[in-house]
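Peer 1: One structure follows; several queries about it will come next.
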Amino acid sequence: MPIKPVLKTQIDHVSILDEHGNFDAKLGKGLIPDDDAVKLYEHMVVCRQLDEVAFKLQRSGRMGTYPQNMGQEATSTGAAYALNKDDWIVTAYRENPGLFWRGLPMEYILWHWMGDERGNQIPEGLYVTPISIPIGTQMLHATGLAWAAKYRKEDRIACTFFGDGATSEGDFHEAANFAANLNLPVIFFCQNNGWAISVPSCIQCSAPTIAQRGIAYGMDCVQCDGNDIFAVVKVMKDAIKRAREDKRPSFIEALTYRLGDHTTADDARRYRDAEELDQWKLRDPITRLGEYLKKKKLWNSGKEEALQARAKAEVAEVVKRAEGIAPPAKSEMFDSMYATIDDPQLRIQRETMRTSSLGQDQSQAGEDIEASGRERT
Amino acid sequence: MANLTLVQAINLALIQEMEADDRVILLGEDIGKNGGVFRVTEGLWQRFGPERVVDTPLAESGIIGTAIGLAMAGLRPVPEIQFEGFLGPAYDQICTHAARMRTRTRGAFSVPMTIRVPVGGGIHAPELHSDSPEAIYAHTPGLKVVMPSSPYDAKGLLISAIRDPDPVIFFEPKRIYRAFREEVPEDEYTIPIGQARVVTEGDDITMISWGAPVIQCMQAIEKASASGGAGKSIELIDLRTIKPLDIATIITSVKKTGRVIVVHEAPKTAGFGAEIATEIMEHCFLYLEAPPQRVTGFDTIMPYYKLELDYLPEEPRISEAIEQLAAF
């Protein structure tokens with residue numbers, strides 16, 4: 001018997017607007033209308049401003065550890081732009097621009113990194129989940145959210161973001177397998193920014209692409225230039241179509257770069273070459289879109305100046321709101337532990353702010369306390 | 001002798017054990033070129049090379065699972081889990097394999113590895129970077145659980161852990177990684193696993209703690225002694241090892257004082273303080289002058305940092321318990 005191949009496959013790389021300003025008119029035709037391109041640019045500029053101010057807040061002791069998003073604005077912004085308002089966005093912690101595009105007020109992200117859980121109290125009606133810290137864990141939730149949508153025969157799909165490092169975690173492989181085998185409308189969006197803290201992506205994956213990991217689970221997979229918002233929107237639209245029409249998951253690997261440190265607690269100079277960083281600065285997603293707009297006479301230096309001023313003013317207001325919130329009451333750590341606090345031990349602790357029993361009395365347990373939470377329907 | 005921080009003492013212990021025994025290898029996330037996110041493995045990658053100081057893929061189950069294999073083959077791996085909050089994926093390998101290997105093979109295999117894990121709160125860290133899960137692992141038969149509170153103890157205990165024939169979880173309290181320095185001998189020395197240390201002697205109250213809160217206990221003791229109150233001569237015991245528990249040192253002290261406070265960061269309910277209090281009831285019932293007291297974290301999720309000092313057993317709460325216990 002001759003040996004026959006049972007699988008032949010390839011991974012396409014999609015690039016529409018490259019770092020030199022070349023635009024693929026055929027692929028890019030009608031992808032992002034001019035008005036939207038301007039709005040997306042303005043959005044990313046404001047997000048970059050917030051990111052820089054957040055960094056300064058940490059450095060001046062006004063905020064805790066913060067992971068900068070700088071350089072990765074086009075990925076989550078482009079994805080959120082392509083999705084419907086009621087599709088789920090399930091993020092890790094470097095997707096602020098996508099969350100803000102969806103409508104999460106910027107101060108929520110600052111509250112989170114200022115050590116305040118109220119930053120996770122997602123406003124009603126927003127289909128975004130709170131920032132997820134443990135790497136790779138949120139992809140399973142996206143799969144479950146998409147599963148629920150399919151079960152209820154809703155049109156809703158889920159898009160989950162994660163980094164190159166996250167594809168080393170078992171949870172990623174479990175999520176991909178569930179989504180593919182149960183025919184679920186999930187988009188797995190990998191922001192391959194080259195680094196998991198100090199570990200380069202070649203330690204996470206020695207295959208030529210991360211995208212091909214999805215092939216093993218029977219998914220459509222593609223790689224794109226993650227600093228090219230046109231490419232991001234293009235691959236998202238393809239994946240969205242598959243999710244909505246065929247209820248099939250997709251895997252997107254977007255090549256981007258973390259221009260900042262992993263977090264403010266990190267110093268990337270210890271492990272990363274300055275030349276590599278300089279190369280990627282030339283591929284900045286915001287500069288690239290700005291140049292495109294200028295070429296098309298949609299943008300000029302006057303507009304840029306006005307935008308920079310607006311970004312500064314808006315972000316200053318955000319900081320004011322973030323810092324203006326009253327400190328949390330000590331009881332807050334108890335109040336949302338359960339739907340109702342019917343555990344007398346917990347109620348006594350809440351009442352007395354103590355755990356030692358002398359001087360405590362069962363009468364201090366008081367009545368059931370109803371939590372401030374809400375049920376999603 | 002050198003004046004070292006806890007981070008430096010652990011770094012020195014790792015260097016000396018690696019020099020002495022080529023079976024000792026380190027693996028974990030960012031421990032190589034970067035020297036670890038807390039710089040505990042600073043310089044080791046450069047000194048011992050990438051074969052012995054291994055930056056792994058981002059996969060905690062993978063780190064511990066492969067370390068089990070390395071250990072079963074006769075090496076002495078020292079895996080690092082970057083923060084205690086990321087032990088979750090590794091829990092399966094730790095509890096369903098590492099802890100059980102020796103007994104389920106009736107001694108044919110063993111897992112001599114030391115899992116290093118930064119632990120605890122108090123440093124304004126993000127979510128899932130401040131928990132205290134030691135009781136979970138103390139509740140898992142087959143593991144040893146160690147948590148030093150000083151640079152001197154850290155070096156001696158880590159060397160013991162690496163040489164131990166069974167799996168040890170070595171919790172490193174990040175709040176005191178660099179909080180103070182201490183004279184640490186240059187030569188290798190060991191502190192036996194399972195031996196508590198009497199930090200201060202006293203006659204009226206026994207106070208038991210481990211890890212970073214030992215420092216808050218010392219503050220409370222200083223305050224009590226400064227106020228000159230009668231009945232407040234406090235004997236502080238630093239467990240150093242949580243499992244196996246040095247019950248003899250506790251019994252000796254409680255029989256003398258008749259009063260006891262246990263202090264830990266982890267939540268109260270089913271925390272390790274509960275085990276200690278029960279042991280005391282079993283062994284010292286007729287010597288007790290008052291009910292054992294626990295000053296611990298609350299039965300809540302460790303809050304983000306705006307409220308973390310309200311959650312942690314800080315000096316004022318310990319002092320209050322001292323007052324009430326002395327007055328009972």
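Every chain in the structure tokens has a letter given in the order shown (A, B, ...), and although residue numbers restart at 1 in each chain, ligands are simply numbered from 1 in the order shown.
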For chain B, which residues have at least one atom within 8 Å of chain A, if we go by only C-alpha atoms? Write them as a PyMOL selection string, please.
Peer 2: chain B and resi 29-30+33-34+37+55-61+85-86+124-128+268+291+293-307+310+317+321+324-325
Peer 1: Write down as a ChimeraX atom specification the residues of range 105-331 of chain A whose backbone DSSP state falls under strand (DSSP E or B).
Peer 2: /A:128,158-163,186-192,195-196,199-200,220-225,250-255
Peer 1: Please produce a file of those selected residues containing C-alpha atoms, as a PDB file, in the first residue's frame.
Peer 2:
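So result01.pdb came out as:
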ATOM      1  CA  VAL A 128     -17.667  42.162  28.387  1.00  0.00           C
ATOM      2  CA  ALA A 158     -17.880  35.209  21.803  1.00  0.00           C
ATOM      3  CA  CYS A 159     -14.406  36.531  21.089  1.00  0.00           C
ATOM      4  CA  THR A 160     -11.674  35.804  23.599  1.00  0.00           C
ATOM      5  CA  PHE A 161      -8.218  37.394  23.787  1.00  0.00           C
ATOM      6  CA  PHE A 162      -5.029  35.901  25.152  1.00  0.00           C
ATOM      7  CA  GLY A 163      -1.306  36.048  24.553  1.00  0.00           C
ATOM      8  CA  VAL A 186     -16.045  31.301  19.531  1.00  0.00           C
ATOM      9  CA  ILE A 187     -13.199  33.349  18.108  1.00  0.00           C
ATOM     10  CA  PHE A 188      -9.850  32.610  19.706  1.00  0.00           C
ATOM     11  CA  PHE A 189      -7.824  35.778  19.245  1.00  0.00           C
ATOM     12  CA  CYS A 190      -4.156  35.325  20.108  1.00  0.00           C
ATOM     13  CA  GLN A 191      -2.206  38.537  20.572  1.00  0.00           C
ATOM     14  CA  ASN A 192       1.258  37.222  19.829  1.00  0.00           C
ATOM     15  CA  TRP A 195       7.058  37.990  24.907  1.00  0.00           C
ATOM     16  CA  ALA A 196       5.515  36.375  27.990  1.00  0.00           C
ATOM     17  CA  VAL A 199      10.230  34.489  27.819  1.00  0.00           C
ATOM     18  CA  PRO A 200      10.224  34.810  24.006  1.00  0.00           C
ATOM     19  CA  ASP A 220     -10.034  27.528  10.648  1.00  0.00           C
ATOM     20  CA  CYS A 221      -6.811  29.316  11.460  1.00  0.00           C
ATOM     21  CA  VAL A 222      -5.179  32.446  10.136  1.00  0.00           C
ATOM     22  CA  GLN A 223      -2.298  34.744  10.956  1.00  0.00           C
ATOM     23  CA  CYS A 224      -2.451  38.495  10.455  1.00  0.00           C
ATOM     24  CA  ASP A 225      -0.416  41.626  11.009  1.00  0.00           C
ATOM     25  CA  SER A 250     -11.789  30.114  14.524  1.00  0.00           C
ATOM     26  CA  PHE A 251      -8.269  30.833  15.620  1.00  0.00           C
ATOM     27  CA  ILE A 252      -6.576  34.153  14.824  1.00  0.00           C
ATOM     28  CA  GLU A 253      -2.915  34.794  15.522  1.00  0.00           C
ATOM     29  CA  ALA A 254      -2.206  38.522  15.343  1.00  0.00           C
ATOM     30  CA  LEU A 255       1.469  39.449  15.239  1.00  0.00           C
TER      31      LEU A 255
END
Peer 1: List as a list in words the protein and nucleic acid residues near Ala311 in chain A, meaning an atom at most 8 Å away when only C-alpha atoms are counted, but skip any in the same chain fewer than 3 places from it.
Peer 2: Val45, Val46, Gln49, Leu307, Gln308, Glu314 and Val315 of chain A
Peer 1: Calculated over only C-alpha atoms, which of the candidates A:Arg48, A:His43, A:Leu104, A:Ala243 has the smallest distance to Asp87 in chain A?
Peer 2: A:Ala243
Peer 1: Using only C-alpha atoms, which protein or nucleic acid residues come within 12 Å of Lys294 in chain A? Drop anything in the same chain fewer than 6 positions from it, and give the result as a CSV table (one decimal) with C-alpha atoms, in the first residue's frame.
Peer 2:
chain,number,residue,atom,x,y,z
A,21,GLY,CA,2.0,52.7,4.0
A,34,ASP,CA,-13.4,56.5,6.0
A,37,ALA,CA,-11.2,54.8,10.1
A,38,VAL,CA,-11.0,58.3,11.5
A,41,TYR,CA,-7.7,56.4,14.9
A,287,THR,CA,1.3,55.9,13.4
A,288,ARG,CA,0.5,53.6,10.6
A,300,ASN,CA,-4.0,66.9,9.0
A,301,SER,CA,-1.8,68.5,11.5
A,302,GLY,CA,-4.5,70.8,12.7
A,303,LYS,CA,-6.8,67.8,13.5
A,304,GLU,CA,-3.9,66.0,15.1
Peer 1: Go through A:Gly28, A:Pro67, A:Gly260, A:Pro123 and flag the residue nearest Val232 in chain A, using only C-alpha atoms for the distances.
Peer 2: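 Among A:Gly28, A:Pro67, A:Gly260, A:Pro123, it is A:Gly28 that comes nearest to Val232 in chain A.
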Peer 1: Would you mind listing what lies within 10 Å of range 2-8 of chain B as a list in words, with only C-alpha atoms counted and same-chain residues fewer than 6 positions away left out?
Peer 2: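 Contacts, in chain order: Leu14, Phe38, Arg39, Val40, Thr41, Glu42, Pro148, Ser149, Ser150, Pro151, Tyr152, Asp153, Ala154, Lys155, Glu172, Pro173, Lys174, Ile176, Tyr177, Arg178, Ala179, Phe180, Arg181, Glu182, Glu183, Val184, Pro185 and Glu186 of chain B.
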Peer 1: Taking only range 212-315 of chain A into account, list the residues labelled helix (DSSP H, G or I) by DSSP (computed from the backbone), as a PyMOL selection string.
Peer 2: chain A and resi 212-217+229-246+268-270+274-281+285-295+301-315
Peer 1: My list of candidates is B:Leu312, B:Ile276, B:Ile63, B:Ile15. Which is closest to Thr249 in chain B when distances are computed with only C-alpha atoms?
Peer 2: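 Comparing B:Leu312, B:Ile276, B:Ile63, B:Ile15 against Thr249 in chain B, the winner is B:Ile276.
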Peer 1: Near Leu245 in chain B, counting only C-alpha atoms, which residues have an atom at most 8 Å away, once you skip same-chain residues fewer than 5 positions from it, shown as a list in words?
Peer 2: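 So, after excluding close chain neighbours, the residues are Gly194, Gln195 and Leu239 of chain B.
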Peer 1: Determine, counting only C-alpha atoms, which protein, DNA and RNA residues have an atom within 10 Å of an atom of Pro185 in chain A; residues of the same chain fewer than 5 positions away are not included. Present the result as a list of chain:residue names.
Peer 2: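 Answer for this query is A:Ala142, A:Thr143, A:Leu145, A:Ala146, A:Trp147, A:Ala149, A:Lys150, A:Asp155, A:Arg156, A:Ile157, A:Ala158, A:Cys159, A:Ala179, A:Ala180, A:Ala239, A:Ile240, A:Lys241, A:Arg242, A:Ala243, A:Arg244, A:Glu245, A:Asp246, A:Lys247, A:Arg248, A:Pro249, A:Ser250.
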